[in-house]
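In what follows, a structure is listed as structure tokens, so that the remarks can point back to it.
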Amino acid sequence: ISIKGQVITYQLERSKRRSVGLIVGSHGLAVRAPKWTPMYEIETFIGEKANWILKKLFEFEQRHAHSHKSQMVWEDGAKLDYLGEPFTVHLGALYTTIDTAQNRIWLALSSSSTPKQIQETTESAIQRAALLLFETRLNHFAPLLKVQWNSLKLSNAGGRWGSAKSDGTIRLNWRLMHFRLPVIDYVVVHELSHLRHMDHSPRFWDTVESIMPNYAQLKKELKPV
């Protein structure tokens with residue numbers, strides 16, 4: 001369902017309960033409704049609770065992102081995944097750069113840098129690379145889908161990989177850079193397909209499949225990071 005310009009996926013559970021209820025957890029939004037309640041009433045109820053739903057989803061995303069950051073030891077020699085391959089972080093370079101030939105991220109930082117400085121410099125480098133790569137992939141797939149995107153914004157959400165608005169605004173999570181390129185392409189195609197269908201109807205998935213026949217397998221690789 002599209003609420004406040006954002007496409008939200010939810011799980012619907014029918015039961016003998018008397019009213020519609022909403023639960024927001026680590027797996028997203030779950031809606032519990034009586035067996036006899038028509039879909040338009042359910043989606044109207046979701047729309048009325050839009051602010052609460054979006055707030056709770058954001059809170060869970062931020063909690064997940066914080067949990068991931070706390071597990072990473074940011075130091076010289078730290079390892080992380082970049083475009084699906086293991087990369088090593090090194091300090092002491094003249095310029096901060098990502099060396100895809102040697103699978104290294106060189107930081108223009110001294111050995112006395114704090115973990116926070118190392119983390120922020122590394123993530124800034126990945127975000128700059130993400131903007132360039134995402135724009136390239138959007139420009140590649142948009143003509144194939146016969147759609148036009150207008151602006152690209154990076155997202156920092158912990159568990160949401162992308163979103164699209166009807167005005168052509170695309171948000172992509174920069175943490176997608178941890179995954180291999182075909183997985184990134186799936187998310188790009190997914191969001192661009194929303195410019196044709198602002199829902200997750202069969203027509204939407206047919207659109208995704210027309211460009212990416214193996215999208216189901218790629219979707220499974222989108223584990224939390």
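If you're wondering about the labels, chains in the structure tokens are A, B, ... by order shown, residues count from 1 in each chain, ligands from 1 in order shown.
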Need the shell around segment 173-176 of chain A: protein/DNA/RNA residues with any atom at most 10 Å away, counting only C-alpha atoms. Skip same-chain ones fewer than 6 positions apart. Format as number ranges by chain? A: 81-84, 123-124, 126-131, 134, 153-163, 183-185, 187, 222, 224-225
Could you list, as a ChimeraX atom specification, every residue within 12 Å of segment 30-32 of chain A, counting only C-alpha atoms and ignoring same-chain residues fewer than 6 positions away? /A:1,8-24,39,42-43,45-46,49,53,57
Output N, CA and C atoms of each residue in that selection to a file, as a PDB file, in the first residue's frame.
ATOM      1  N   ILE A   1       0.850  -1.182   0.000  1.00  0.00           N
ATOM      2  CA  ILE A   1       0.000   0.000   0.000  1.00  0.00           C
ATOM      3  C   ILE A   1       0.890   1.238   0.000  1.00  0.00           C
ATOM      4  N   ILE A   8       4.549   0.667   1.276  1.00  0.00           N
ATOM      5  CA  ILE A   8       4.762  -0.175   2.444  1.00  0.00           C
ATOM      6  C   ILE A   8       4.204  -1.569   2.167  1.00  0.00           C
ATOM      7  N   THR A   9       5.023  -2.584   2.392  1.00  0.00           N
ATOM      8  CA  THR A   9       4.567  -3.958   2.288  1.00  0.00           C
ATOM      9  C   THR A   9       4.060  -4.416   3.650  1.00  0.00           C
ATOM     10  N   TYR A  10       2.921  -5.079   3.674  1.00  0.00           N
ATOM     11  CA  TYR A  10       2.416  -5.579   4.951  1.00  0.00           C
ATOM     12  C   TYR A  10       1.897  -7.006   4.813  1.00  0.00           C
ATOM     13  N   GLN A  11       1.891  -7.720   5.922  1.00  0.00           N
ATOM     14  CA  GLN A  11       1.374  -9.081   5.963  1.00  0.00           C
ATOM     15  C   GLN A  11      -0.021  -9.043   6.560  1.00  0.00           C
ATOM     16  N   LEU A  12      -0.995  -9.590   5.860  1.00  0.00           N
ATOM     17  CA  LEU A  12      -2.381  -9.591   6.319  1.00  0.00           C
ATOM     18  C   LEU A  12      -2.737 -10.955   6.891  1.00  0.00           C
ATOM     19  N   GLU A  13      -3.244 -10.957   8.113  1.00  0.00           N
ATOM     20  CA  GLU A  13      -3.684 -12.187   8.771  1.00  0.00           C
ATOM     21  C   GLU A  13      -5.177 -12.060   9.079  1.00  0.00           C
ATOM     22  N   ARG A  14      -5.937 -13.024   8.576  1.00  0.00           N
ATOM     23  CA  ARG A  14      -7.382 -13.037   8.833  1.00  0.00           C
ATOM     24  C   ARG A  14      -7.679 -13.965  10.021  1.00  0.00           C
ATOM     25  N   SER A  15      -8.613 -13.546  10.873  1.00  0.00           N
ATOM     26  CA  SER A  15      -8.979 -14.375  12.019  1.00  0.00           C
ATOM     27  C   SER A  15     -10.401 -14.037  12.451  1.00  0.00           C
ATOM     28  N   LYS A  16     -10.825 -14.597  13.587  1.00  0.00           N
ATOM     29  CA  LYS A  16     -12.174 -14.364  14.100  1.00  0.00           C
ATOM     30  C   LYS A  16     -12.250 -13.140  15.017  1.00  0.00           C
ATOM     31  N   ARG A  17     -11.176 -12.357  15.048  1.00  0.00           N
ATOM     32  CA  ARG A  17     -11.163 -11.166  15.889  1.00  0.00           C
ATOM     33  C   ARG A  17     -12.244 -10.174  15.450  1.00  0.00           C
ATOM     34  N   ARG A  18     -12.536  -9.201  16.301  1.00  0.00           N
ATOM     35  CA  ARG A  18     -13.656  -8.284  16.040  1.00  0.00           C
ATOM     36  C   ARG A  18     -13.240  -6.973  15.386  1.00  0.00           C
ATOM     37  N   SER A  19     -11.949  -6.642  15.429  1.00  0.00           N
ATOM     38  CA  SER A  19     -11.503  -5.362  14.870  1.00  0.00           C
ATOM     39  C   SER A  19     -10.154  -5.511  14.185  1.00  0.00           C
ATOM     40  N   VAL A  20      -9.780  -4.480  13.438  1.00  0.00           N
ATOM     41  CA  VAL A  20      -8.497  -4.475  12.736  1.00  0.00           C
ATOM     42  C   VAL A  20      -7.405  -4.025  13.707  1.00  0.00           C
ATOM     43  N   GLY A  21      -6.285  -4.743  13.712  1.00  0.00           N
ATOM     44  CA  GLY A  21      -5.160  -4.383  14.566  1.00  0.00           C
ATOM     45  C   GLY A  21      -3.872  -4.319  13.778  1.00  0.00           C
ATOM     46  N   LEU A  22      -2.939  -3.491  14.228  1.00  0.00           N
ATOM     47  CA  LEU A  22      -1.654  -3.306  13.553  1.00  0.00           C
ATOM     48  C   LEU A  22      -0.518  -3.662  14.501  1.00  0.00           C
ATOM     49  N   ILE A  23       0.489  -4.340  13.963  1.00  0.00           N
ATOM     50  CA  ILE A  23       1.695  -4.648  14.725  1.00  0.00           C
ATOM     51  C   ILE A  23       2.898  -4.304  13.860  1.00  0.00           C
ATOM     52  N   VAL A  24       3.821  -3.506  14.394  1.00  0.00           N
ATOM     53  CA  VAL A  24       5.055  -3.172  13.687  1.00  0.00           C
ATOM     54  C   VAL A  24       6.207  -3.804  14.456  1.00  0.00           C
ATOM     55  N   MET A  39     -11.272  -5.337   1.975  1.00  0.00           N
ATOM     56  CA  MET A  39      -9.931  -4.775   1.838  1.00  0.00           C
ATOM     57  C   MET A  39      -9.932  -3.249   1.886  1.00  0.00           C
ATOM     58  N   ILE A  42      -9.773  -2.133   5.390  1.00  0.00           N
ATOM     59  CA  ILE A  42      -8.460  -2.402   5.984  1.00  0.00           C
ATOM     60  C   ILE A  42      -7.459  -1.342   5.542  1.00  0.00           C
ATOM     61  N   GLU A  43      -7.438  -1.037   4.263  1.00  0.00           N
ATOM     62  CA  GLU A  43      -6.466  -0.069   3.752  1.00  0.00           C
ATOM     63  C   GLU A  43      -6.818   1.358   4.177  1.00  0.00           C
ATOM     64  N   PHE A  45      -8.067   2.008   7.119  1.00  0.00           N
ATOM     65  CA  PHE A  45      -7.568   2.008   8.501  1.00  0.00           C
ATOM     66  C   PHE A  45      -6.057   2.204   8.528  1.00  0.00           C
ATOM     67  N   ILE A  46      -5.356   1.518   7.615  1.00  0.00           N
ATOM     68  CA  ILE A  46      -3.897   1.681   7.537  1.00  0.00           C
ATOM     69  C   ILE A  46      -3.548   3.132   7.228  1.00  0.00           C
ATOM     70  N   LYS A  49      -3.691   5.423  10.157  1.00  0.00           N
ATOM     71  CA  LYS A  49      -2.606   5.201  11.118  1.00  0.00           C
ATOM     72  C   LYS A  49      -1.236   5.423  10.486  1.00  0.00           C
ATOM     73  N   ILE A  53       2.506   4.296  11.874  1.00  0.00           N
ATOM     74  CA  ILE A  53       3.198   3.189  11.194  1.00  0.00           C
ATOM     75  C   ILE A  53       4.587   3.617  10.751  1.00  0.00           C
ATOM     76  N   LEU A  57       8.160   2.055  12.041  1.00  0.00           N
ATOM     77  CA  LEU A  57       9.081   1.433  11.088  1.00  0.00           C
ATOM     78  C   LEU A  57      10.441   2.100  11.139  1.00  0.00           C
TER      79      LEU A  57
END
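The coordinates place atom CA of Thr122 of chain A at 7.5 Å from atom CA of Ile105 of chain A.
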Excluding Pro213 of chain A and its own-chain neighbours fewer than 5 positions away, which residues fall within 12 Å of it when counting only C-alpha atoms? Please give them as a ChimeraX atom specification. /A:182,186,189,205-208,218-219
Alpha helix (DSSP H) call set, DSSP backbone run, chain A, as a PyMOL selection string: chain A and resi 39-48+50-71+115-145+181-193+202-211+215-220
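From atom CA of Ser111 of chain A back to atom CA of Ala93 of chain A, the distance works out to 10.6 Å.
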Identify, on the basis of only C-alpha atoms, every residue whose closest approach to Ile118 of chain A does not exceed 10 Å; exclude the query and any residue fewer than 6 positions from it along the same chain; express the result as a PyMOL selection string. chain A and resi 73-76+78+89-91+107-111+124
Limited to N, CA and C atoms, could you put the picked residues into a file as a compact mmCIF listing (two decimals), in the first residue's frame?
# COMPACT_ATOMS: atom_id res chain seq x y z
N VAL A 73 34.26 -3.59 14.55
CA VAL A 73 35.43 -3.01 15.20
C VAL A 73 36.14 -2.15 14.16
N TRP A 74 36.07 -0.84 14.31
CA TRP A 74 36.64 0.08 13.33
C TRP A 74 38.09 0.38 13.69
N GLU A 75 38.99 -0.24 12.94
CA GLU A 75 40.42 -0.09 13.18
C GLU A 75 41.18 -0.38 11.90
N ASP A 76 42.48 -0.13 11.91
CA ASP A 76 43.31 -0.47 10.75
C ASP A 76 43.26 -1.97 10.54
N ALA A 78 40.42 -3.47 9.50
CA ALA A 78 39.02 -3.89 9.61
C ALA A 78 38.54 -4.43 8.27
N VAL A 89 40.19 -2.38 5.32
CA VAL A 89 40.38 -0.95 5.56
C VAL A 89 41.83 -0.71 5.99
N HIS A 90 42.50 0.24 5.34
CA HIS A 90 43.89 0.58 5.68
C HIS A 90 44.01 2.08 5.95
N LEU A 91 44.79 2.43 6.96
CA LEU A 91 45.04 3.82 7.30
C LEU A 91 46.37 4.29 6.70
N LEU A 107 42.31 4.96 3.60
CA LEU A 107 41.83 6.15 4.29
C LEU A 107 42.96 7.12 4.56
N ALA A 108 42.70 8.38 4.33
CA ALA A 108 43.69 9.42 4.62
C ALA A 108 43.61 9.79 6.11
N LEU A 109 43.90 8.80 6.94
CA LEU A 109 43.86 8.96 8.39
C LEU A 109 45.13 8.38 9.00
N SER A 110 45.52 8.91 10.14
CA SER A 110 46.72 8.41 10.84
C SER A 110 46.35 7.24 11.75
N SER A 111 47.36 6.57 12.25
CA SER A 111 47.15 5.43 13.14
C SER A 111 46.53 5.82 14.47
N SER A 124 31.67 7.47 4.46
CA SER A 124 31.57 8.60 3.52
C SER A 124 32.10 8.20 2.15
Please identify the strand (DSSP E or B) residues within segment 10-213 of chain A (assignment by DSSP from backbone atoms) and present them as a PyMOL selection string. chain A and resi 10-15+21-25+28-34+79-82+85-91+97-99+104-107+151-155+162-164+169-173
Can you measure atom CA of Thr37 of chain A to atom CA of Gly25 of chain A for me? One decimal in Å is fine.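 Atom CA of Gly25 of chain A lies 23.1 Å from atom CA of Thr37 of chain A.
Restricting the calculation to only C-alpha atoms, the smallest distance between Ser193 of chain A and any of A:Trp36, A:Lys56, A:Ala164, A:Thr169 is found for A:Ala164.
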